[in-house]
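Colleague: Sharing run19.txt, compact mmCIF, C-alpha atoms:
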```txt
# COMPACT_ATOMS: atom_id res chain seq x y z
CA MET A 7 118.55 82.44 105.69
CA THR A 8 118.41 82.09 109.43
CA GLY A 9 117.53 84.71 112.00
CA ASP A 10 114.58 86.03 113.88
CA MET A 11 111.32 86.95 112.25
CA ARG A 12 109.73 90.03 113.76
CA ARG A 13 106.34 91.63 113.49
CA PHE A 14 106.13 94.66 111.22
CA GLY A 15 104.43 97.14 113.51
CA ARG A 16 101.55 96.24 115.77
CA MET A 17 99.37 94.41 113.27
CA GLY A 18 101.63 93.51 110.36
CA PRO A 19 103.05 90.14 109.34
CA LYS A 20 106.29 88.71 110.65
CA LEU A 21 109.24 89.55 108.40
CA ALA A 22 112.98 89.03 108.36
CA PRO A 23 114.85 92.04 109.79
CA ILE A 24 116.56 92.59 106.44
CA GLY A 25 114.68 93.55 103.28
CA GLN A 26 115.55 94.95 99.86
CA GLY A 27 115.70 98.61 98.90
CA THR A 28 115.45 99.83 95.31
CA TRP A 29 116.61 103.47 95.31
CA TYR A 30 118.89 103.90 92.24
CA ILE A 31 118.45 100.23 91.36
CA ASP A 32 117.23 101.24 87.90
CA GLN A 33 120.54 102.96 87.10
CA GLY A 34 122.56 99.75 86.87
CA ASP A 35 122.19 96.62 84.78
CA ARG A 36 118.49 95.76 84.70
CA ALA A 37 118.90 92.01 84.32
CA SER A 38 121.34 91.86 87.25
CA ALA A 39 119.01 93.92 89.44
CA ILE A 40 116.04 91.68 88.67
CA ALA A 41 118.10 88.57 89.33
CA ALA A 42 119.27 90.04 92.64
CA LEU A 43 115.72 90.82 93.79
CA ARG A 44 114.60 87.33 92.88
CA ARG A 45 117.55 85.79 94.70
CA GLY A 46 116.66 87.91 97.70
CA LEU A 47 113.18 86.41 97.72
CA ASP A 48 114.74 82.94 97.58
CA LEU A 49 116.78 83.83 100.66
CA GLY A 50 113.81 85.18 102.62
CA LEU A 51 114.26 88.91 101.95
CA THR A 52 110.58 89.31 101.16
CA HIS A 53 110.24 92.98 102.21
CA ILE A 54 110.78 94.99 98.99
CA ASP A 55 110.66 98.76 99.22
CA THR A 56 110.21 101.14 96.31
CA ALA A 57 108.61 104.52 95.51
CA GLU A 58 107.09 106.53 92.71
CA MET A 59 110.11 108.83 93.02
CA TYR A 60 112.55 106.04 92.16
CA GLY A 61 112.37 106.38 88.38
CA ASP A 62 112.03 103.00 86.69
CA ALA A 63 112.28 101.03 89.94
CA GLU A 64 108.59 100.11 90.18
CA PRO A 65 108.42 98.47 86.72
CA LEU A 66 111.70 96.70 87.50
CA VAL A 67 110.24 95.36 90.74
CA ALA A 68 107.13 94.29 88.84
CA GLU A 69 109.26 92.12 86.57
CA ALA A 70 111.22 90.70 89.50
CA ILE A 71 108.15 89.64 91.48
CA ALA A 72 106.07 88.41 88.53
CA GLY A 73 104.48 85.11 89.56
CA ARG A 74 105.68 85.56 93.15
CA ARG A 75 103.54 88.43 94.40
CA ASP A 76 102.13 86.50 97.34
CA GLU A 77 105.66 85.97 98.71
CA VAL A 78 106.36 89.69 98.86
CA PHE A 79 105.72 92.37 101.48
CA LEU A 80 105.54 95.22 98.97
CA VAL A 81 105.98 98.86 99.99
CA SER A 82 105.81 102.01 97.87
CA LYS A 83 105.57 105.72 98.59
CA VAL A 84 103.63 108.77 97.47
CA LEU A 85 105.50 112.02 96.86
CA PRO A 86 104.48 114.94 99.10
CA GLY A 87 103.45 116.98 96.05
CA ASN A 88 100.87 114.30 95.23
CA ALA A 89 99.66 113.77 98.80
CA SER A 90 96.28 115.51 98.70
CA ARG A 91 93.32 113.19 99.25
CA ARG A 92 92.57 112.75 95.55
CA GLY A 93 96.23 112.98 94.57
CA THR A 94 97.26 110.21 96.95
CA ILE A 95 94.63 107.85 95.57
CA ALA A 96 95.63 108.63 91.99
CA ALA A 97 99.32 108.16 92.80
CA CYS A 98 98.59 104.81 94.42
CA GLU A 99 96.68 103.65 91.34
CA ARG A 100 99.66 104.60 89.17
CA SER A 101 102.07 102.71 91.42
CA LEU A 102 99.82 99.65 91.41
CA ALA A 103 99.77 99.71 87.61
CA ARG A 104 103.56 100.08 87.37
CA LEU A 105 104.04 97.28 89.90
CA GLY A 106 101.55 94.98 88.17
CA THR A 107 99.64 94.27 91.36
CA ASP A 108 96.23 94.93 92.88
CA ARG A 109 97.47 95.92 96.34
CA LEU A 110 100.37 97.24 98.37
CA ASP A 111 101.20 95.75 101.74
CA CYS A 112 102.17 99.19 103.02
CA TYR A 113 101.98 102.66 101.46
CA LEU A 114 104.04 105.55 102.80
CA LEU A 115 104.07 109.33 102.59
CA HIS A 116 107.65 109.87 101.41
CA TRP A 117 108.23 112.98 103.51
CA ARG A 118 106.08 115.73 104.91
CA GLY A 119 104.93 118.36 102.42
CA HIS A 120 102.44 121.22 102.25
CA TYR A 121 99.26 119.15 102.18
CA GLN A 122 97.47 118.69 105.50
CA LEU A 123 98.24 115.34 107.07
CA SER A 124 94.50 114.85 107.55
CA GLU A 125 94.06 114.79 103.76
CA THR A 126 96.71 112.13 103.28
CA VAL A 127 95.39 110.04 106.16
CA ALA A 128 91.87 110.20 104.73
CA ALA A 129 93.22 108.95 101.41
CA PHE A 130 95.15 106.15 103.08
CA GLU A 131 92.05 105.03 104.96
CA GLU A 132 90.01 105.12 101.75
CA LEU A 133 92.64 102.97 100.04
CA VAL A 134 92.59 100.52 102.96
CA ALA A 135 88.81 100.26 102.76
CA ALA A 136 89.07 99.55 99.03
CA GLY A 137 91.69 96.84 99.56
CA LYS A 138 94.26 98.76 97.53
CA ILE A 139 96.65 98.98 100.49
CA LEU A 140 96.77 96.77 103.57
CA SER A 141 98.48 99.32 105.83
CA TRP A 142 100.07 102.76 105.68
CA GLY A 143 102.85 104.77 107.23
CA VAL A 144 105.32 107.56 106.68
CA SER A 145 108.95 108.24 105.92
CA ASN A 146 111.33 110.87 107.28
CA PHE A 147 109.03 111.81 110.18
CA ASP A 148 110.56 113.11 113.39
CA ALA A 149 108.98 112.42 116.78
CA GLY A 150 107.02 115.69 116.74
CA ASP A 151 105.57 114.88 113.30
CA LEU A 152 104.66 111.40 114.51
CA ARG A 153 102.86 112.81 117.55
CA GLU A 154 100.83 115.13 115.32
CA LEU A 155 100.02 112.31 112.91
CA HIS A 156 98.98 110.07 115.80
CA ARG A 157 96.53 112.71 117.05
CA ILE A 158 94.95 112.83 113.57
CA ALA A 159 94.89 109.13 112.76
CA GLY A 160 94.37 107.54 116.14
CA ASP A 161 96.09 104.66 117.84
CA GLY A 162 97.20 101.61 115.88
CA LYS A 163 96.96 103.19 112.43
CA ILE A 164 100.60 104.09 111.67
CA ALA A 165 102.36 100.92 110.55
CA CYS A 166 105.82 102.23 109.77
CA ASN A 167 108.24 105.15 109.80
CA GLN A 168 111.06 104.77 107.29
CA VAL A 169 114.10 106.85 108.22
CA LEU A 170 117.79 107.38 107.57
CA TYR A 171 119.83 105.17 109.91
CA HIS A 172 123.40 103.98 109.67
CA LEU A 173 126.43 103.65 111.94
CA LEU A 174 127.48 107.27 111.48
CA GLU A 175 123.92 108.68 111.61
CA ARG A 176 122.04 107.42 114.64
CA ALA A 177 119.81 110.44 115.35
CA ILE A 178 116.63 108.34 115.36
CA GLU A 179 117.78 106.62 118.55
CA HIS A 180 117.11 109.81 120.54
CA ALA A 181 113.34 110.14 120.11
CA VAL A 182 112.05 108.45 116.95
CA ILE A 183 112.75 104.83 117.87
CA PRO A 184 111.45 105.23 121.46
CA TRP A 185 108.23 106.85 120.19
CA CYS A 186 107.73 104.15 117.56
CA GLU A 187 108.35 101.36 120.05
CA ALA A 188 105.87 102.89 122.50
CA HIS A 189 103.19 103.03 119.79
CA GLY A 190 103.77 99.75 117.95
CA VAL A 191 105.23 101.39 114.83
CA ALA A 192 107.87 99.57 112.77
CA VAL A 193 111.09 101.48 112.07
CA THR A 194 112.64 100.85 108.66
CA ALA A 195 116.23 101.98 108.15
CA TYR A 196 117.04 103.23 104.67
CA SER A 197 120.64 103.67 103.46
CA PRO A 198 121.89 101.45 106.31
CA PHE A 199 125.44 101.56 104.93
CA GLY A 200 125.34 105.34 104.66
CA HIS A 201 125.57 107.35 101.48
CA ASP A 202 129.35 107.09 101.00
CA GLU A 203 129.64 107.26 104.80
CA PHE A 204 130.47 103.70 105.83
CA PRO A 205 133.44 103.63 108.24
CA ALA A 206 136.69 103.45 106.27
CA PRO A 207 138.61 100.16 106.68
CA ARG A 208 141.61 101.87 108.31
CA SER A 209 139.58 104.09 110.64
CA PRO A 210 139.19 103.01 114.28
CA ALA A 211 135.54 102.11 113.64
CA GLY A 212 136.45 100.26 110.46
CA ARG A 213 139.11 98.22 112.24
CA LEU A 214 136.66 97.37 115.02
CA LEU A 215 134.02 96.21 112.55
CA GLN A 216 136.58 94.01 110.81
CA SER A 217 137.68 92.51 114.13
CA ILE A 218 134.11 91.67 115.11
CA ALA A 219 133.43 90.35 111.62
CA ASP A 220 136.47 88.08 111.77
CA ALA A 221 135.25 86.66 115.08
CA HIS A 222 131.93 85.71 113.49
CA GLY A 223 133.15 84.66 110.05
CA ALA A 224 131.23 87.62 108.68
CA SER A 225 131.85 90.92 106.89
CA PRO A 226 131.90 94.46 108.33
CA ARG A 227 128.67 95.26 106.49
CA GLN A 228 126.97 92.25 108.00
CA VAL A 229 128.11 93.42 111.44
CA ALA A 230 126.67 96.87 110.69
CA LEU A 231 123.30 95.40 109.71
CA ALA A 232 123.23 93.24 112.83
CA PHE A 233 123.94 96.29 114.99
CA LEU A 234 121.29 98.45 113.33
CA THR A 235 118.62 95.75 113.64
CA ARG A 236 119.53 94.77 117.21
CA ARG A 237 116.19 96.13 118.45
CA PRO A 238 113.12 94.09 117.42
CA SER A 239 111.31 97.20 116.19
CA VAL A 240 113.92 97.95 113.51
CA PHE A 241 114.17 96.63 109.96
CA ALA A 242 116.77 97.55 107.33
CA ILE A 243 116.40 97.75 103.54
CA PRO A 244 119.87 97.85 101.96
CA LYS A 245 119.94 98.16 98.20
CA ALA A 246 121.65 95.28 96.47
CA SER A 247 121.81 95.10 92.71
CA SER A 248 123.99 91.97 92.60
CA ILE A 249 123.34 88.41 93.74
CA ILE A 250 126.57 88.44 95.79
CA HIS A 251 125.53 91.49 97.81
CA VAL A 252 122.02 90.11 98.36
CA ALA A 253 123.45 86.88 99.77
CA GLU A 254 125.72 88.88 102.06
CA ASN A 255 122.80 90.96 103.31
CA ALA A 256 120.62 87.91 103.89
CA ALA A 257 123.30 86.20 105.98
CA ALA A 258 123.37 89.21 108.32
CA ALA A 259 119.92 88.25 109.59
CA GLY A 260 121.44 85.29 111.39
CA LEU A 261 124.29 87.23 113.01
CA GLN A 262 123.88 87.76 116.76
CA LEU A 263 126.26 90.27 118.35
CA ALA A 264 127.38 89.91 121.95
CA ASP A 265 126.64 92.69 124.42
CA ASP A 266 130.29 93.71 124.58
CA GLU A 267 130.46 93.91 120.78
CA ILE A 268 127.39 96.14 120.69
CA ALA A 269 128.93 98.34 123.38
CA ALA A 270 132.20 98.59 121.45
CA ILE A 271 130.39 99.64 118.25
CA ASP A 272 128.34 102.13 120.25
CA GLN A 273 131.57 103.70 121.53
CA ALA A 274 133.34 103.66 118.13
CA CYS A 275 130.31 105.12 116.30
CA PRO A 276 128.78 107.34 118.99
CA LEU A 277 125.20 108.48 118.97
CA GLY A 278 126.05 112.16 119.27
CA PRO A 279 123.72 114.98 120.34
CA GLU A 280 120.12 115.11 119.22
CA PRO A 281 119.90 117.31 116.08
CA ALA A 282 117.44 120.18 115.68
CA SER A 283 115.82 118.38 112.75
CA LEU A 284 115.79 114.79 111.58
CA PRO A 285 118.51 114.01 108.99
CA MET A 286 117.26 112.64 105.68
CA LEU A 287 118.44 111.94 102.14
```
So that I can check it, write out the structure of this file as structure tokens.

Modeller:
Amino acid sequence: MTGDMRRFGRMGPKLAPIGQGTWYIDQGDRASAIAALRRGLDLGLTHIDTAEMYGDAEPLVAEAIAGRRDEVFLVSKVLPGNASRRGTIAACERSLARLGTDRLDCYLLHWRGHYQLSETVAAFEELVAAGKILSWGVSNFDAGDLRELHRIAGDGKIACNQVLYHLLERAIEHAVIPWCEAHGVAVTAYSPFGHDEFPAPRSPAGRLLQSIADAHGASPRQVALAFLTRRPSVFAIPKASSIIHVAENAAAAGLQLADDEIAAIDQACPLGPEPASLPML
């Protein structure tokens, strides 16, 4: 795989812009999913994202990365209902056991719940001190939530905000990405092809993507990934449960779009007005 390596947040390692998501990966053929994750590692897609919410995904990831843990930037998430101080620590221990590892590279609060953010932050810091996690962040946080979290945690603590981002849902460009860039926080795009919302081939946007893809010897999905990760703060974690899809995703990391191509996609898939609340799945 070619393409730029970029720092994950202010203090994290340099990673490829494309990683591997695992939501629903346990619902397909297990052997194919494991083979796909391993092939992704071969191709440099070392950022693997999972969560305690994702059913059997963590044990599946454990099998895929067995013997290769040091190659992986491993991320998991705690459910909001478990995100008290003691609950977060217990949830992390369970995830570590399911993943067959002694540490997570980053641990996220999956979305904001009823527990005070100060409790979850205290747990994260305790886990960092114990070496159980190397960094922490959040998912599905809007700019206002991030500002509140920053006041609690202090500067340089939030490694990542993982959010919904695809061509037809660009709400994070209004305030979330600018805030994260100003504070050295990585932005990770989940569901970068949408949830059954990728531009249809015969739609104006779909025809544009195909035209740009043809010019680069690429695919429309590779063009979409290149557009979404055009800013150095943004990473994307498409799910791929087949070796073919993983190879396609990996190749997108080396695709550089011209300014006029970016402008054309921006016009065909417009940003739209800022919503009252951050979209999420």

Colleague: Near Glu69 in chain A, counting all atoms listed in the file, which residues have an atom at most 12 Å away, once you skip same-chain residues fewer than 2 positions from it, shown as a CSV table (one decimal) with C-alpha atoms, in the frame of the given file?

Modeller:
```csv
chain,number,residue,atom,x,y,z
A,36,ARG,CA,118.5,95.8,84.7
A,37,ALA,CA,118.9,92.0,84.3
A,39,ALA,CA,119.0,93.9,89.4
A,40,ILE,CA,116.0,91.7,88.7
A,41,ALA,CA,118.1,88.6,89.3
A,42,ALA,CA,119.3,90.0,92.6
A,43,LEU,CA,115.7,90.8,93.8
A,44,ARG,CA,114.6,87.3,92.9
A,62,ASP,CA,112.0,103.0,86.7
A,63,ALA,CA,112.3,101.0,89.9
A,64,GLU,CA,108.6,100.1,90.2
A,65,PRO,CA,108.4,98.5,86.7
A,66,LEU,CA,111.7,96.7,87.5
A,67,VAL,CA,110.2,95.4,90.7
A,71,ILE,CA,108.2,89.6,91.5
A,72,ALA,CA,106.1,88.4,88.5
A,73,GLY,CA,104.5,85.1,89.6
A,74,ARG,CA,105.7,85.6,93.2
A,75,ARG,CA,103.5,88.4,94.4
A,104,ARG,CA,103.6,100.1,87.4
A,105,LEU,CA,104.0,97.3,89.9
A,106,GLY,CA,101.6,95.0,88.2
A,107,THR,CA,99.6,94.3,91.4
```

Colleague: Rounded to one decimal, what separation in Å do you get between CA of Gly278 in chain A and CA of Leu234 in chain A?

Modeller: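 According to the coordinates, CA of Gly278 in chain A and CA of Leu234 in chain A are separated by 15.7 Å.
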
Colleague: Which residues come within 12 Å of Gly190 in chain A, counting only C-alpha atoms, excluding same-chain residues fewer than 3 positions away, as a PyMOL selection string?

Modeller: chain A and resi 13-18+143+156+161-167+183-187+193+238-240

Colleague: Kindly extract all protein, DNA and RNA residues lying within 12 Å of the coordinates (130.4, 99.6, 117.2) given in the file, considering only C-alpha atoms, and supply them as JSON, numbers by chain.

Modeller: {"A": [172, 173, 174, 176, 205, 210, 211, 212, 213, 214, 215, 216, 217, 218, 219, 226, 227, 229, 230, 231, 232, 233, 234, 236, 263, 264, 265, 266, 267, 268, 269, 270, 271, 272, 273, 274, 275, 276, 277]}

Colleague: What is the CA of Gln26 in chain A-CA of Pro244 in chain A distance in Å, reported with one decimal?

Modeller: 5.6 Å

Colleague: Please provide as a PDB file with C-alpha atoms, in the coordinates of the input all residues within 12 Å of range 255-258 of chain A, with the sequence filter that same-chain residues fewer than 4 positions apart are discarded (counting all atoms listed in the file).

Modeller:
```pdb
ATOM      1  CA  MET A   7     118.550  82.440 105.690  1.00  0.00           C
ATOM      2  CA  THR A   8     118.410  82.090 109.430  1.00  0.00           C
ATOM      3  CA  GLY A   9     117.530  84.710 112.000  1.00  0.00           C
ATOM      4  CA  ASP A  10     114.580  86.030 113.880  1.00  0.00           C
ATOM      5  CA  ALA A  22     112.980  89.030 108.360  1.00  0.00           C
ATOM      6  CA  PRO A  23     114.850  92.040 109.790  1.00  0.00           C
ATOM      7  CA  ILE A  24     116.560  92.590 106.440  1.00  0.00           C
ATOM      8  CA  GLY A  25     114.680  93.550 103.280  1.00  0.00           C
ATOM      9  CA  GLN A  26     115.550  94.950  99.860  1.00  0.00           C
ATOM     10  CA  GLY A  27     115.700  98.610  98.900  1.00  0.00           C
ATOM     11  CA  ALA A  42     119.270  90.040  92.640  1.00  0.00           C
ATOM     12  CA  LEU A  43     115.720  90.820  93.790  1.00  0.00           C
ATOM     13  CA  ARG A  45     117.550  85.790  94.700  1.00  0.00           C
ATOM     14  CA  GLY A  46     116.660  87.910  97.700  1.00  0.00           C
ATOM     15  CA  LEU A  47     113.180  86.410  97.720  1.00  0.00           C
ATOM     16  CA  ASP A  48     114.740  82.940  97.580  1.00  0.00           C
ATOM     17  CA  LEU A  49     116.780  83.830 100.660  1.00  0.00           C
ATOM     18  CA  GLY A  50     113.810  85.180 102.620  1.00  0.00           C
ATOM     19  CA  LEU A  51     114.260  88.910 101.950  1.00  0.00           C
ATOM     20  CA  THR A  52     110.580  89.310 101.160  1.00  0.00           C
ATOM     21  CA  HIS A  53     110.240  92.980 102.210  1.00  0.00           C
ATOM     22  CA  PRO A 198     121.890 101.450 106.310  1.00  0.00           C
ATOM     23  CA  PHE A 199     125.440 101.560 104.930  1.00  0.00           C
ATOM     24  CA  ALA A 219     133.430  90.350 111.620  1.00  0.00           C
ATOM     25  CA  HIS A 222     131.930  85.710 113.490  1.00  0.00           C
ATOM     26  CA  GLY A 223     133.150  84.660 110.050  1.00  0.00           C
ATOM     27  CA  ALA A 224     131.230  87.620 108.680  1.00  0.00           C
ATOM     28  CA  SER A 225     131.850  90.920 106.890  1.00  0.00           C
ATOM     29  CA  PRO A 226     131.900  94.460 108.330  1.00  0.00           C
ATOM     30  CA  ARG A 227     128.670  95.260 106.490  1.00  0.00           C
ATOM     31  CA  GLN A 228     126.970  92.250 108.000  1.00  0.00           C
ATOM     32  CA  VAL A 229     128.110  93.420 111.440  1.00  0.00           C
ATOM     33  CA  ALA A 230     126.670  96.870 110.690  1.00  0.00           C
ATOM     34  CA  LEU A 231     123.300  95.400 109.710  1.00  0.00           C
ATOM     35  CA  ALA A 232     123.230  93.240 112.830  1.00  0.00           C
ATOM     36  CA  PHE A 233     123.940  96.290 114.990  1.00  0.00           C
ATOM     37  CA  LEU A 234     121.290  98.450 113.330  1.00  0.00           C
ATOM     38  CA  THR A 235     118.620  95.750 113.640  1.00  0.00           C
ATOM     39  CA  ARG A 236     119.530  94.770 117.210  1.00  0.00           C
ATOM     40  CA  PHE A 241     114.170  96.630 109.960  1.00  0.00           C
ATOM     41  CA  ALA A 242     116.770  97.550 107.330  1.00  0.00           C
ATOM     42  CA  ILE A 243     116.400  97.750 103.540  1.00  0.00           C
ATOM     43  CA  PRO A 244     119.870  97.850 101.960  1.00  0.00           C
ATOM     44  CA  LYS A 245     119.940  98.160  98.200  1.00  0.00           C
ATOM     45  CA  ALA A 246     121.650  95.280  96.470  1.00  0.00           C
ATOM     46  CA  SER A 247     121.810  95.100  92.710  1.00  0.00           C
ATOM     47  CA  SER A 248     123.990  91.970  92.600  1.00  0.00           C
ATOM     48  CA  ILE A 249     123.340  88.410  93.740  1.00  0.00           C
ATOM     49  CA  ILE A 250     126.570  88.440  95.790  1.00  0.00           C
ATOM     50  CA  HIS A 251     125.530  91.490  97.810  1.00  0.00           C
ATOM     51  CA  GLN A 262     123.880  87.760 116.760  1.00  0.00           C
ATOM     52  CA  LEU A 263     126.260  90.270 118.350  1.00  0.00           C
TER      53      LEU A 263
END
```
